[in-house]
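Student: File target.txt below, compact mmCIF, C-alpha atoms:
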```txt
# COMPACT_ATOMS: atom_id res chain seq x y z
CA MET A 1450 0.00 0.00 0.00
CA GLU A 1451 1.31 3.45 -0.90
CA LEU A 1452 1.41 5.46 2.34
CA LEU A 1453 3.52 8.45 1.41
CA GLU A 1454 0.98 10.18 -0.81
CA PRO A 1455 -2.02 9.77 1.56
CA THR A 1456 0.13 11.02 4.45
CA ARG A 1457 1.20 14.07 2.45
CA GLU A 1458 -2.46 14.68 1.58
CA ALA A 1459 -3.41 14.21 5.24
CA PHE A 1460 -1.09 16.99 6.38
CA ARG A 1461 -2.28 19.21 3.51
CA LEU A 1462 -5.87 18.71 4.70
CA LEU A 1463 -4.92 19.48 8.28
CA PHE A 1464 -2.85 22.57 7.66
CA SER A 1465 -4.98 24.00 4.87
CA GLY A 1466 -7.85 24.24 7.36
CA ASP A 1467 -10.11 21.83 5.48
CA PRO A 1468 -13.56 22.73 6.91
CA SER A 1469 -15.02 19.21 6.85
CA LEU A 1470 -11.96 17.84 8.66
CA TRP A 1471 -11.94 20.55 11.30
CA ARG A 1472 -15.69 20.15 11.77
CA ILE A 1473 -15.06 16.49 12.66
CA ILE A 1474 -12.32 17.47 15.11
CA PHE A 1475 -14.59 20.12 16.63
CA THR A 1476 -17.45 17.61 17.08
CA SER A 1477 -15.12 15.19 18.85
CA LEU A 1478 -13.68 17.79 21.21
CA ASN A 1479 -16.99 19.52 21.81
CA CYS A 1480 -18.92 16.37 22.72
CA SER A 1481 -16.09 14.91 24.80
CA LEU A 1482 -15.43 18.08 26.78
CA ILE A 1483 -19.11 18.83 27.43
CA ALA A 1484 -19.67 15.24 28.58
CA LEU A 1485 -16.70 15.44 30.94
CA LEU A 1486 -17.76 18.81 32.25
CA LEU A 1487 -21.21 17.45 33.04
CA ILE A 1488 -20.21 14.11 34.52
CA ALA A 1489 -16.97 15.02 36.35
CA PRO A 1490 -18.53 16.66 39.45
CA LEU A 1491 -20.88 13.70 40.04
CA SER A 1492 -18.19 11.09 39.35
CA VAL A 1493 -15.58 12.75 41.56
CA ALA A 1494 -18.12 13.11 44.37
CA LEU A 1495 -19.12 9.44 43.95
CA GLY A 1496 -15.49 8.35 43.99
CA PHE A 1497 -14.90 10.33 47.17
CA ILE A 1498 -18.01 8.96 48.91
CA ILE A 1499 -17.20 5.36 48.00
CA ALA A 1500 -13.64 5.85 49.25
CA LYS A 1501 -14.50 7.57 52.52
CA VAL A 1502 -17.97 6.53 53.62
CA GLU A 1503 -18.85 3.11 55.00
CA PHE A 1504 -22.30 1.98 53.86
CA PRO A 1505 -24.01 -1.34 53.14
CA GLY A 1506 -23.26 -2.57 49.64
CA ARG A 1507 -20.13 -0.46 49.28
CA ARG A 1508 -17.98 -3.40 48.26
CA ALA A 1509 -20.53 -4.51 45.67
CA LEU A 1510 -20.67 -0.98 44.29
CA VAL A 1511 -16.88 -0.89 43.91
CA VAL A 1512 -16.98 -4.22 42.03
CA LEU A 1513 -19.81 -2.92 39.83
CA VAL A 1514 -18.00 0.32 38.95
CA GLN A 1515 -14.80 -1.58 38.22
CA ALA A 1516 -16.74 -3.98 36.00
CA LEU A 1517 -18.24 -1.03 34.13
CA LEU A 1518 -14.70 0.04 33.24
CA SER A 1519 -14.38 -2.90 30.91
CA PHE A 1520 -17.95 -2.69 29.64
CA PRO A 1521 -17.96 -2.59 25.80
CA THR A 1522 -18.86 0.90 24.65
CA VAL A 1523 -20.95 -0.53 21.86
CA VAL A 1524 -23.22 -2.11 24.49
CA VAL A 1525 -23.50 1.26 26.23
CA GLY A 1526 -24.47 2.63 22.82
CA LEU A 1527 -27.03 -0.14 22.36
CA VAL A 1528 -28.69 0.57 25.72
CA ILE A 1529 -28.82 4.31 25.07
CA TYR A 1530 -30.08 3.64 21.54
CA MET A 1531 -32.97 1.57 22.93
CA LEU A 1532 -33.77 4.26 25.49
CA LEU A 1533 -33.70 7.09 22.93
CA SER A 1534 -35.23 5.32 19.94
CA ARG A 1535 -38.72 6.31 18.90
CA GLN A 1536 -40.26 3.34 20.72
CA GLY A 1537 -38.01 3.75 23.75
CA PRO A 1538 -39.02 5.36 27.05
CA LEU A 1539 -37.05 8.52 26.21
CA GLY A 1540 -37.97 8.59 22.53
CA PHE A 1541 -40.10 11.69 23.02
CA LEU A 1542 -36.88 13.67 23.61
CA LYS A 1543 -35.93 13.09 19.94
CA LEU A 1544 -32.25 12.93 20.82
CA LEU A 1545 -31.18 9.92 18.79
CA PHE A 1546 -28.51 10.72 16.17
CA THR A 1547 -27.71 14.07 17.71
CA PRO A 1548 -24.56 15.35 19.44
CA GLU A 1549 -26.59 15.36 22.68
CA ALA A 1550 -27.09 11.59 22.41
CA MET A 1551 -23.33 11.20 21.97
CA ILE A 1552 -22.73 13.38 25.03
CA ILE A 1553 -25.05 11.15 27.07
CA GLY A 1554 -23.16 8.09 25.86
CA TYR A 1555 -19.80 9.66 26.68
CA MET A 1556 -21.03 10.56 30.16
CA VAL A 1557 -21.97 6.94 30.80
CA ILE A 1558 -18.63 5.72 29.43
CA ALA A 1559 -16.56 8.29 31.37
CA LEU A 1560 -18.36 7.82 34.70
CA PRO A 1561 -16.70 4.56 35.81
CA VAL A 1562 -13.26 5.79 34.68
CA LEU A 1563 -13.59 8.95 36.74
CA VAL A 1564 -15.10 7.17 39.75
CA VAL A 1565 -12.44 4.44 39.89
CA PHE A 1566 -9.51 6.84 39.44
CA THR A 1567 -10.90 9.27 42.01
CA LEU A 1568 -11.64 6.43 44.42
CA SER A 1569 -8.09 5.20 44.08
CA ALA A 1570 -6.63 8.72 44.52
CA VAL A 1571 -8.70 9.39 47.65
CA GLN A 1572 -7.92 5.98 49.13
CA GLY A 1573 -4.25 6.69 48.54
CA ALA A 1574 -4.44 10.08 50.27
CA ASP A 1575 -2.92 10.49 53.70
CA PRO A 1576 -5.77 9.86 56.19
CA ARG A 1577 -4.57 12.89 58.16
CA VAL A 1578 -5.69 15.25 55.37
CA TYR A 1579 -9.40 14.96 56.12
CA GLU A 1580 -8.82 14.90 59.89
CA THR A 1581 -6.58 17.95 59.76
CA GLY A 1582 -9.30 19.83 57.94
CA ARG A 1583 -11.87 18.74 60.50
CA SER A 1584 -9.65 19.57 63.47
CA LEU A 1585 -9.07 23.05 62.04
CA GLY A 1586 -12.81 23.67 62.01
CA ALA A 1587 -13.84 22.59 58.53
CA ASN A 1588 -17.24 20.99 58.07
CA ARG A 1589 -17.51 17.66 56.24
CA TRP A 1590 -18.05 19.34 52.87
CA ARG A 1591 -15.03 21.61 53.18
CA ALA A 1592 -12.81 18.83 54.53
CA ALA A 1593 -13.88 16.66 51.58
CA LEU A 1594 -12.99 19.42 49.11
CA THR A 1595 -9.66 19.85 50.89
CA THR A 1596 -8.95 16.14 50.50
CA LEU A 1597 -9.83 16.29 46.80
CA PHE A 1598 -7.57 19.31 46.41
CA GLU A 1599 -4.71 17.44 48.08
CA VAL A 1600 -5.16 14.59 45.57
CA ARG A 1601 -5.79 17.00 42.71
CA PHE A 1602 -3.23 15.33 40.45
CA GLY A 1603 -5.02 12.01 40.89
CA VAL A 1604 -8.34 13.68 40.11
CA MET A 1605 -6.80 15.35 37.06
CA ALA A 1606 -5.47 11.97 35.96
CA ALA A 1607 -9.04 10.65 36.30
CA ILE A 1608 -10.41 13.43 34.10
CA PHE A 1609 -7.64 13.10 31.51
CA ASN A 1610 -8.14 9.33 31.35
CA GLY A 1611 -11.87 9.85 30.98
CA PHE A 1612 -11.18 12.24 28.12
CA GLY A 1613 -8.85 9.72 26.50
CA ARG A 1614 -11.53 7.04 26.71
CA VAL A 1615 -14.37 9.06 25.20
CA VAL A 1616 -12.44 10.94 22.54
CA SER A 1617 -11.26 7.70 20.95
CA GLU A 1618 -14.51 5.78 21.39
CA VAL A 1619 -16.21 4.39 18.24
CA GLY A 1620 -19.00 1.95 19.12
CA CYS A 1621 -21.30 4.20 21.11
CA SER A 1622 -20.67 7.17 18.80
CA ILE A 1623 -21.86 5.22 15.77
CA MET A 1624 -24.82 3.66 17.58
CA VAL A 1625 -26.32 6.84 19.02
CA GLY A 1626 -24.69 9.50 16.82
CA GLY A 1627 -25.20 7.79 13.49
CA ASN A 1628 -21.96 9.20 12.01
CA ILE A 1629 -23.84 12.02 10.26
CA ALA A 1630 -21.49 14.32 8.35
CA GLY A 1631 -21.36 17.82 9.77
CA LEU A 1632 -23.39 16.85 12.82
CA THR A 1633 -22.28 13.73 14.68
CA ARG A 1634 -19.29 12.54 12.68
CA ASN A 1635 -16.32 12.59 15.02
CA ILE A 1636 -12.68 11.57 14.77
CA PRO A 1637 -12.95 7.80 15.41
CA THR A 1638 -16.13 7.28 13.38
CA ALA A 1639 -14.69 9.30 10.50
CA ILE A 1640 -11.48 7.25 10.55
CA ALA A 1641 -13.51 4.03 10.43
CA LEU A 1642 -15.65 5.32 7.57
CA GLU A 1643 -12.89 6.84 5.45
CA THR A 1644 -10.68 3.80 5.84
CA SER A 1645 -13.52 1.50 4.79
CA LYS A 1646 -13.91 3.64 1.65
CA GLY A 1647 -10.18 3.40 0.93
CA GLU A 1648 -9.74 7.15 1.60
CA PHE A 1649 -6.68 7.05 3.79
CA ALA A 1650 -5.70 10.71 3.77
CA GLN A 1651 -8.46 11.93 6.07
CA GLY A 1652 -8.06 8.85 8.27
CA ILE A 1653 -4.35 9.49 8.67
CA ALA A 1654 -4.92 13.18 9.40
CA LEU A 1655 -7.53 12.40 12.05
CA GLY A 1656 -5.43 9.60 13.49
CA PHE A 1657 -2.58 12.09 13.77
CA VAL A 1658 -4.88 14.50 15.66
CA LEU A 1659 -5.91 11.71 18.06
CA ILE A 1660 -2.29 10.80 18.73
CA VAL A 1661 -1.39 14.47 19.32
CA LEU A 1662 -4.34 14.79 21.70
CA ALA A 1663 -3.34 11.66 23.62
CA LEU A 1664 0.28 12.78 23.84
CA GLY A 1665 -0.72 16.34 24.76
CA VAL A 1666 -2.99 15.15 27.56
CA ASN A 1667 -0.30 12.87 28.98
CA ILE A 1668 2.44 15.48 28.71
CA ALA A 1669 0.19 18.07 30.38
CA LEU A 1670 -0.55 15.63 33.20
CA SER A 1671 3.08 14.77 33.79
CA ILE A 1672 4.04 18.48 33.82
CA LEU A 1673 1.31 19.22 36.34
CA GLN A 1674 2.38 16.28 38.49
CA GLY A 1675 5.96 17.47 38.33
CA GLU A 1676 4.95 20.94 39.46
CA GLY A 1677 2.96 19.37 42.24
CA GLY A 1678 6.20 18.37 43.89
CA MET A 1679 5.54 14.71 44.43
CA GLU A 1680 6.94 13.52 47.73
CA MET B 85 -13.28 31.39 90.24
CA THR B 86 -12.52 28.23 88.30
CA VAL B 87 -14.48 27.73 85.11
CA LEU B 88 -14.84 24.24 83.70
CA VAL B 89 -13.99 24.10 80.03
CA LEU B 90 -14.28 20.39 79.49
CA GLU B 91 -15.95 17.72 81.51
CA LEU B 92 -15.97 14.04 80.60
CA LYS B 93 -18.07 11.46 82.42
CA SER B 94 -17.64 7.72 82.07
CA ILE B 95 -16.21 7.82 78.53
CA THR B 96 -15.77 4.32 77.17
CA LYS B 97 -14.16 3.08 74.00
CA ASN B 98 -13.78 -0.52 72.98
CA PHE B 99 -11.83 -2.10 70.19
CA PRO B 100 -12.22 -5.72 69.10
CA GLN B 101 -10.87 -7.84 71.95
CA ARG B 102 -9.83 -4.76 73.88
CA GLU B 103 -11.51 -2.39 76.28
CA LEU B 104 -9.39 0.74 75.88
CA LEU B 105 -11.23 3.43 77.86
CA ARG B 106 -13.28 2.06 80.75
CA GLY B 107 -15.10 5.09 82.02
CA VAL B 108 -12.87 8.14 81.81
CA ASP B 109 -13.82 11.03 84.06
CA LEU B 110 -11.98 14.25 83.38
CA ALA B 111 -12.44 17.93 84.21
CA LEU B 112 -10.30 20.67 82.69
CA ASN B 113 -10.41 24.22 84.03
CA SER B 114 -10.13 27.29 81.86
CA GLY B 115 -6.61 28.71 81.53
CA ASN B 116 -4.92 25.65 82.97
CA SER B 117 -2.38 23.37 81.34
CA TYR B 118 -2.55 19.63 81.71
CA VAL B 119 -0.19 16.90 80.72
CA LEU B 120 -1.58 13.44 80.15
CA THR B 121 0.86 10.59 80.58
CA GLY B 122 0.44 6.86 80.30
CA ASP B 123 2.00 3.83 78.72
CA ASN B 124 2.14 3.54 74.95
CA GLY B 125 -1.17 2.27 73.61
CA CYS B 126 -3.08 3.10 76.80
CA GLY B 127 -5.54 5.30 74.89
CA LYS B 128 -4.18 8.86 75.22
CA THR B 129 -4.49 9.58 71.52
CA THR B 130 -7.92 7.95 71.33
CA LEU B 131 -9.16 10.04 74.25
CA MET B 132 -7.93 13.25 72.64
CA ARG B 133 -9.46 12.30 69.32
CA ILE B 134 -12.80 11.64 71.04
CA ILE B 135 -12.62 15.08 72.68
CA ALA B 136 -11.80 16.66 69.30
CA GLY B 137 -14.68 14.85 67.57
CA LEU B 138 -12.41 12.84 65.30
CA GLU B 139 -13.46 9.50 66.71
CA PRO B 140 -16.75 8.40 68.30
CA ALA B 141 -16.92 7.23 71.89
CA ASP B 142 -18.89 4.09 72.71
CA GLY B 143 -20.43 5.63 75.79
CA GLY B 144 -20.27 8.43 78.30
CA ALA B 145 -21.02 12.12 78.36
CA MET B 146 -19.15 15.30 77.54
CA ARG B 147 -19.77 18.92 78.41
CA PHE B 148 -17.86 21.75 76.79
CA GLU B 149 -18.06 25.22 78.32
CA GLY B 150 -21.20 24.18 80.13
CA MET B 151 -22.96 22.76 77.06
CA GLU B 152 -23.90 19.13 76.76
CA VAL B 153 -22.18 17.57 73.73
CA ASP B 154 -23.97 14.85 71.82
CA LEU B 155 -21.06 12.51 71.13
CA ASP B 156 -23.04 10.70 68.43
CA ARG B 157 -23.61 13.95 66.55
CA TYR B 158 -20.56 15.99 67.40
CA PRO B 159 -21.48 19.68 66.98
CA GLU B 160 -19.69 21.42 64.12
CA ALA B 161 -19.45 24.63 66.16
CA LEU B 162 -17.26 22.85 68.71
CA ARG B 163 -14.58 22.25 66.11
CA GLN B 164 -14.10 25.98 65.94
CA ARG B 165 -13.51 26.26 69.69
CA MET B 166 -10.85 23.59 70.10
CA THR B 167 -7.91 22.47 67.99
CA TYR B 168 -6.21 19.11 67.94
CA VAL B 169 -2.60 18.93 66.76
CA HIS B 170 -1.61 15.51 65.48
CA GLN B 171 1.55 13.79 66.65
CA GLN B 172 2.92 14.09 63.13
CA PRO B 173 1.09 17.13 61.81
CA TYR B 174 -0.08 17.06 58.24
CA LEU B 175 0.57 20.18 56.23
CA PHE B 176 -1.50 20.75 53.11
CA HIS B 177 0.53 20.70 49.90
CA THR B 178 0.04 24.37 49.22
CA SER B 179 2.09 26.94 51.16
CA ILE B 180 2.87 27.71 54.78
CA ALA B 181 0.67 30.81 54.59
CA HIS B 182 -2.23 28.80 53.19
CA ASN B 183 -1.84 26.20 55.93
CA ILE B 184 -2.09 28.88 58.59
CA ALA B 185 -4.95 30.57 56.75
CA TYR B 186 -7.02 27.38 56.51
CA GLY B 187 -8.59 27.47 59.97
CA LEU B 188 -9.12 31.22 59.72
CA LYS B 189 -11.06 30.72 56.49
CA THR B 190 -13.29 28.10 58.13
CA ARG B 191 -14.04 30.74 60.76
CA GLY B 192 -14.86 33.37 58.15
CA VAL B 193 -12.01 35.74 59.08
CA ARG B 194 -11.73 38.49 56.48
CA ARG B 195 -8.80 38.53 54.11
CA GLN B 196 -7.16 41.70 55.43
CA GLN B 197 -7.27 40.54 59.02
CA ARG B 198 -6.21 37.08 57.93
CA GLU B 199 -3.07 38.41 56.25
CA LYS B 200 -2.01 40.17 59.43
CA LEU B 201 -2.69 37.14 61.62
CA ILE B 202 -0.76 34.88 59.24
CA ALA B 203 2.23 37.22 59.19
CA ASP B 204 2.20 37.41 63.00
CA ALA B 205 1.91 33.63 63.35
CA ILE B 206 4.73 33.00 60.87
CA ALA B 207 6.98 35.41 62.77
CA TRP B 208 5.95 33.89 66.11
CA ALA B 209 6.85 30.38 64.97
CA GLY B 210 10.15 31.57 63.48
CA VAL B 211 9.39 30.20 60.05
CA ALA B 212 9.47 33.45 58.06
CA HIS B 213 12.57 32.28 56.18
CA LEU B 214 10.63 29.18 55.07
CA ARG B 215 7.66 31.09 53.71
CA ASP B 216 8.36 30.12 50.11
CA VAL B 217 9.35 26.52 50.83
CA ALA B 218 6.83 23.84 49.87
CA PRO B 219 5.38 22.43 53.12
CA HIS B 220 6.19 18.82 52.24
CA LYS B 221 9.87 19.78 51.99
CA LEU B 222 10.04 20.98 55.60
CA SER B 223 11.76 18.98 58.32
CA GLY B 224 9.75 17.38 61.13
CA GLY B 225 10.59 20.23 63.51
CA GLU B 226 9.65 22.88 60.97
CA ARG B 227 6.38 21.12 60.28
CA GLN B 228 5.63 21.04 63.98
CA ARG B 229 6.30 24.78 64.27
CA VAL B 230 3.97 25.53 61.35
CA ALA B 231 1.34 23.29 62.93
CA LEU B 232 1.69 25.15 66.22
CA ALA B 233 1.38 28.49 64.40
CA ARG B 234 -1.69 27.11 62.60
CA ALA B 235 -3.22 26.20 65.95
CA LYS B 236 -2.22 29.42 67.73
CA VAL B 237 -3.76 31.71 65.15
CA LEU B 238 -7.21 30.25 65.77
CA ASN B 239 -7.49 31.44 69.37
CA SER B 240 -9.13 28.18 70.32
CA HIS B 241 -10.38 27.80 73.87
CA LEU B 242 -8.88 24.32 74.15
CA LEU B 243 -5.67 23.12 72.52
CA LEU B 244 -4.97 19.41 72.33
CA PHE B 245 -1.41 18.37 71.55
CA ASP B 246 -0.60 14.75 70.88
CA GLU B 247 3.05 13.94 71.60
CA PRO B 248 4.24 17.29 70.22
CA THR B 249 7.94 16.56 70.75
CA ALA B 250 8.02 12.93 69.67
CA ASN B 251 10.41 12.12 66.83
CA LEU B 252 12.04 15.57 66.92
CA ASP B 253 15.76 16.20 67.22
CA SER B 254 17.00 18.17 70.22
CA GLU B 255 16.94 21.58 68.54
CA ALA B 256 13.48 21.08 67.03
CA ARG B 257 12.24 19.76 70.35
CA ARG B 258 13.59 22.87 72.12
CA HIS B 259 11.74 25.13 69.64
CA ALA B 260 8.49 23.17 70.02
CA ILE B 261 8.64 23.25 73.83
CA ASP B 262 9.28 27.02 73.84
CA LEU B 263 6.33 27.63 71.51
CA ILE B 264 4.01 25.40 73.54
CA ASP B 265 5.07 27.22 76.70
CA GLU B 266 4.14 30.52 75.05
CA LEU B 267 0.74 29.18 74.10
CA ARG B 268 -0.15 28.45 77.71
CA GLY B 269 -1.85 30.93 79.95
CA GLY B 270 -4.65 33.41 79.55
CA ASP B 271 -7.98 31.78 78.86
CA VAL B 272 -6.47 29.02 76.79
CA THR B 273 -6.68 25.54 78.19
CA VAL B 274 -4.00 23.15 77.02
CA LEU B 275 -4.02 19.36 77.21
CA ILE B 276 -0.81 17.66 76.13
CA ALA B 277 -0.39 13.92 75.79
CA CYS B 278 3.29 13.17 76.11
CA HIS B 279 6.18 11.50 77.85
CA ASP B 280 8.53 14.46 77.57
CA ARG B 281 9.99 15.14 81.02
CA GLU B 282 10.54 18.82 80.30
CA ILE B 283 6.89 19.36 79.38
CA ILE B 284 5.71 17.32 82.37
CA ASP B 285 7.85 19.46 84.68
CA MET B 286 6.75 22.82 83.25
CA PRO B 287 5.67 25.20 86.02
CA GLY B 288 1.93 25.15 86.60
CA MET B 289 1.45 21.98 84.57
CA LYS B 290 -1.19 19.73 86.10
CA ARG B 291 -0.44 16.07 85.71
CA LEU B 292 -2.93 13.45 84.69
CA ARG B 293 -2.30 9.78 84.12
CA LEU B 294 -4.25 7.37 81.96
CA ALA B 295 -3.93 3.81 83.16
CA SER B 296 -6.24 0.80 83.01
CA GLY B 297 -8.68 2.83 80.94
CA ARG B 298 -9.16 5.57 83.51
CA VAL B 299 -7.67 9.02 84.11
CA SER B 300 -6.42 10.06 87.50
CA ALA B 301 -4.60 13.12 88.82
CA VAL B 302 -0.98 12.50 89.75
```
Would you kindly transcribe this structure into structure tokens?

Tutor:
Amino acid sequence: MELLEPTREAFRLLFSGDPSLWRIIFTSLNCSLIALLLIAPLSVALGFIIAKVEFPGRRALVVLVQALLSFPTVVVGLVIYMLLSRQGPLGFLKLLFTPEAMIIGYMVIALPVLVVFTLSAVQGADPRVYETGRSLGANRWRAALTTLFEVRFGVMAAIFNGFGRVVSEVGCSIMVGGNIAGLTRNIPTAIALETSKGEFAQGIALGFVLIVLALGVNIALSILQGEGGME
Amino acid sequence: MTVLVLELKSITKNFPQRELLRGVDLALNSGNSYVLTGDNGCGKTTLMRIIAGLEPADGGAMRFEGMEVDLDRYPEALRQRMTYVHQQPYLFHTSIAHNIAYGLKTRGVRRQQREKLIADAIAWAGVAHLRDVAPHKLSGGERQRVALARAKVLNSHLLLFDEPTANLDSEARRHAIDLIDELRGGDVTVLIACHDREIIDMPGMKRLRLASGRVSAV
């Protein structure tokens, strides 16, 4: 297979500001970031509660959330599809094959990643953090926020990993987004489509963007962790 | 006239296969300093943590400044009137100034006043030269001094110190003892759990001993 020419074409598309290509990149980033913004507060709070609060069924909940980590995203897509389809219980919302449906899917996919990483960060925190906050007069809420702030690099790692999972996700995006050009076509679904058509240039360009995003996120995280002065 | 700050009646605390506190009675008067001694593992830390609301008691009653304290639902307001300093104080990974500001913020002290109190506390603890050093890079003695400054600035009615000189070298220990001595007096009541002879022998220090799950005056 000739790779040089499609690669050259890929970079031309990227740097010439090809509108259809950048629209795909925008859709990916937009849906992923909105989903993370919406689900992060709930997931981080859940991770903290599971880590710090003893309640019946806690162990089962941890197992369930961990199991959800390896849940196929296409199955998540299938469930959301059934909920949002015209005959489904949420069909009246008319969200199927819209960016909003993709955002819902991404939220479901990101939730266990964020919960498990936050849970692990909080469990790894020095137990004196929360107690120090409490003994200095903080209420439970403030002491909890203090603990999360102390493990902020772990929480950031949770969010960055969640982003990595949703931005590269294909199954759910196709199921509930429908891969509609200019509306719900995102980086991974476009790569799958273009490659199947034998159009490698756009696939390579988008793949390059995904790799840059993944590297950028990891480099940013390691810089932040370095500045955090790990003990 | 002596004013009771803290009164404990029949405080009990059990751990699996161990009855740690078997009915502790304790009365602390305002402005007095107390040292609590006892063998390692006798329950000194647990008792202080119960007083500070960091651990529940299994039974008993507590009154603080004349008010009955529900030990099952420890009142939030009480946390702002007493301060517990851990044996190995934890400093938040921010800055020394932020560490000292933390308790002031929970009490709603305004920024301008806070800045002045922080500067005074930093000077008092002799850590001004460390102001820009990350807290987790401080030595044990320096951490203890910041923790003492963090406690002092709050003007708490009751200060609880858990082994404040343990694991410190001689110079750091000297600093810590001097600072603790300065914190005593006035309306502040101080309860120190320790084995340090110099603290035990401080003038005016009232001695308590925890043994067999009960506290007695020595």

Student: Calculated over all atoms listed in the file, which of the candidates B:Glu160, B:Asp142, B:Asp123, B:Glu226 has the smallest distance to chain A?

Tutor: B:Glu160

Student: Quick one, how far is CA of Thr273 (chain B) from CA of Asp246 (chain B)?

Tutor: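 The value is 14.4 Å.
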
Student: Could you list, as a list in words, every residue within 7 Å of Gly122 (chain B), counting all atoms listed in the file and ignoring same-chain residues fewer than 5 positions away?

Tutor: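 Those residues are Arg293, Leu294 and Ala295 of chain B.
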
Student: Once you count all atoms listed in the file, what closest atom pair and distance in Å to one decimal does each residue of chain A within 10 Å of chain B have, with rows by chain and rising residue number, as CSV?

Tutor:
```
residue,atom,partner,partner_atom,distance
A:Asp1575,CA,B:Tyr174,CA,8.5
A:Pro1576,CA,B:Tyr174,CA,9.4
A:Arg1577,CA,B:Tyr174,CA,6.1
A:Val1578,CA,B:Tyr174,CA,6.6
A:Tyr1579,CA,B:Tyr174,CA,9.8
A:Glu1580,CA,B:Leu138,CA,6.8
A:Thr1581,CA,B:Tyr174,CA,6.7
A:Gly1582,CA,B:Gly187,CA,7.9
A:Arg1583,CA,B:Arg163,CA,7.2
A:Ser1584,CA,B:Thr167,CA,5.6
A:Leu1585,CA,B:Gly187,CA,4.9
A:Gly1586,CA,B:Arg163,CA,4.7
A:Ala1587,CA,B:Thr190,CA,5.6
A:Asn1588,CA,B:Glu160,CA,6.5
A:Arg1589,CA,B:Glu160,CA,9.0
A:Arg1591,CA,B:Thr190,CA,8.3
A:Ala1592,CA,B:Thr190,CA,10.0
A:Thr1595,CA,B:Phe176,CA,8.5
A:Thr1596,CA,B:Phe176,CA,9.1
A:Phe1598,CA,B:His177,CA,8.9
A:Glu1599,CA,B:His177,CA,6.4
A:Val1600,CA,B:His177,CA,9.4
A:Gly1677,CA,B:His177,CA,8.1
A:Gly1678,CA,B:Ala218,CA,8.1
A:Met1679,CA,B:His220,CA,8.8
A:Glu1680,CA,B:His220,CA,7.0
```

Student: Would you mind exporting the chosen residues as an mmCIF file, in the coordinates of the input, restricted to C-alpha atoms?

Tutor:
```cif
data_model
loop_
_atom_site.group_PDB
_atom_site.id
_atom_site.type_symbol
_atom_site.label_atom_id
_atom_site.label_comp_id
_atom_site.auth_asym_id
_atom_site.auth_seq_id
_atom_site.Cartn_x
_atom_site.Cartn_y
_atom_site.Cartn_z
ATOM 1 C CA ASP A 1575 -2.920 10.490 53.700
ATOM 2 C CA PRO A 1576 -5.770 9.860 56.190
ATOM 3 C CA ARG A 1577 -4.570 12.890 58.160
ATOM 4 C CA VAL A 1578 -5.690 15.250 55.370
ATOM 5 C CA TYR A 1579 -9.400 14.960 56.120
ATOM 6 C CA GLU A 1580 -8.820 14.900 59.890
ATOM 7 C CA THR A 1581 -6.580 17.950 59.760
ATOM 8 C CA GLY A 1582 -9.300 19.830 57.940
ATOM 9 C CA ARG A 1583 -11.870 18.740 60.500
ATOM 10 C CA SER A 1584 -9.650 19.570 63.470
ATOM 11 C CA LEU A 1585 -9.070 23.050 62.040
ATOM 12 C CA GLY A 1586 -12.810 23.670 62.010
ATOM 13 C CA ALA A 1587 -13.840 22.590 58.530
ATOM 14 C CA ASN A 1588 -17.240 20.990 58.070
ATOM 15 C CA ARG A 1589 -17.510 17.660 56.240
ATOM 16 C CA ARG A 1591 -15.030 21.610 53.180
ATOM 17 C CA ALA A 1592 -12.810 18.830 54.530
ATOM 18 C CA THR A 1595 -9.660 19.850 50.890
ATOM 19 C CA THR A 1596 -8.950 16.140 50.500
ATOM 20 C CA PHE A 1598 -7.570 19.310 46.410
ATOM 21 C CA GLU A 1599 -4.710 17.440 48.080
ATOM 22 C CA VAL A 1600 -5.160 14.590 45.570
ATOM 23 C CA GLY A 1677 2.960 19.370 42.240
ATOM 24 C CA GLY A 1678 6.200 18.370 43.890
ATOM 25 C CA MET A 1679 5.540 14.710 44.430
ATOM 26 C CA GLU A 1680 6.940 13.520 47.730
#
```

Student: Any idea what's packed within 12 Å of Ile135 (chain B), counting all atoms listed in the file, ignoring anything in its chain fewer than 5 positions away? Could you give it as a PyMOL selection string?

Tutor: (chain A and resi 1584) or (chain B and resi 89-93+95+108+110-112+128-130+140-141+144-148+153-155+158-159+162-163+165-168+242-245+275)

Student: Name the residues, using the chain letters and numbers of the file, that sit within 8 Å of (-8.2, 4.3, 81.2) when counting only C-alpha atoms, and give them as a list in words.

Tutor: Leu104, Leu105, Arg106, Gly107, Val108, Cys126, Gly127, Leu294, Ala295, Ser296, Gly297, Arg298 and Val299 of chain B

Student: Rank nothing, just name the residue among A:Leu1597, A:Leu1533, A:Ala1654, A:Val1565 nearest to Leu1510 (chain A), using all atoms listed in the file.

Tutor: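 Closest to Leu1510 (chain A) of all the choices is A:Val1565.
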
Student: Please write a file for region 279-292 of chain B, taken from the block I just shared, that holds C-alpha atoms and is laid out as a compact mmCIF listing (two decimals), in the first residue's frame.

Tutor:
```
# COMPACT_ATOMS: atom_id res chain seq x y z
CA HIS B 279 6.18 11.50 77.85
CA ASP B 280 8.53 14.46 77.57
CA ARG B 281 9.99 15.14 81.02
CA GLU B 282 10.54 18.82 80.30
CA ILE B 283 6.89 19.36 79.38
CA ILE B 284 5.71 17.32 82.37
CA ASP B 285 7.85 19.46 84.68
CA MET B 286 6.75 22.82 83.25
CA PRO B 287 5.67 25.20 86.02
CA GLY B 288 1.93 25.15 86.60
CA MET B 289 1.45 21.98 84.57
CA LYS B 290 -1.19 19.73 86.10
CA ARG B 291 -0.44 16.07 85.71
CA LEU B 292 -2.93 13.45 84.69
```
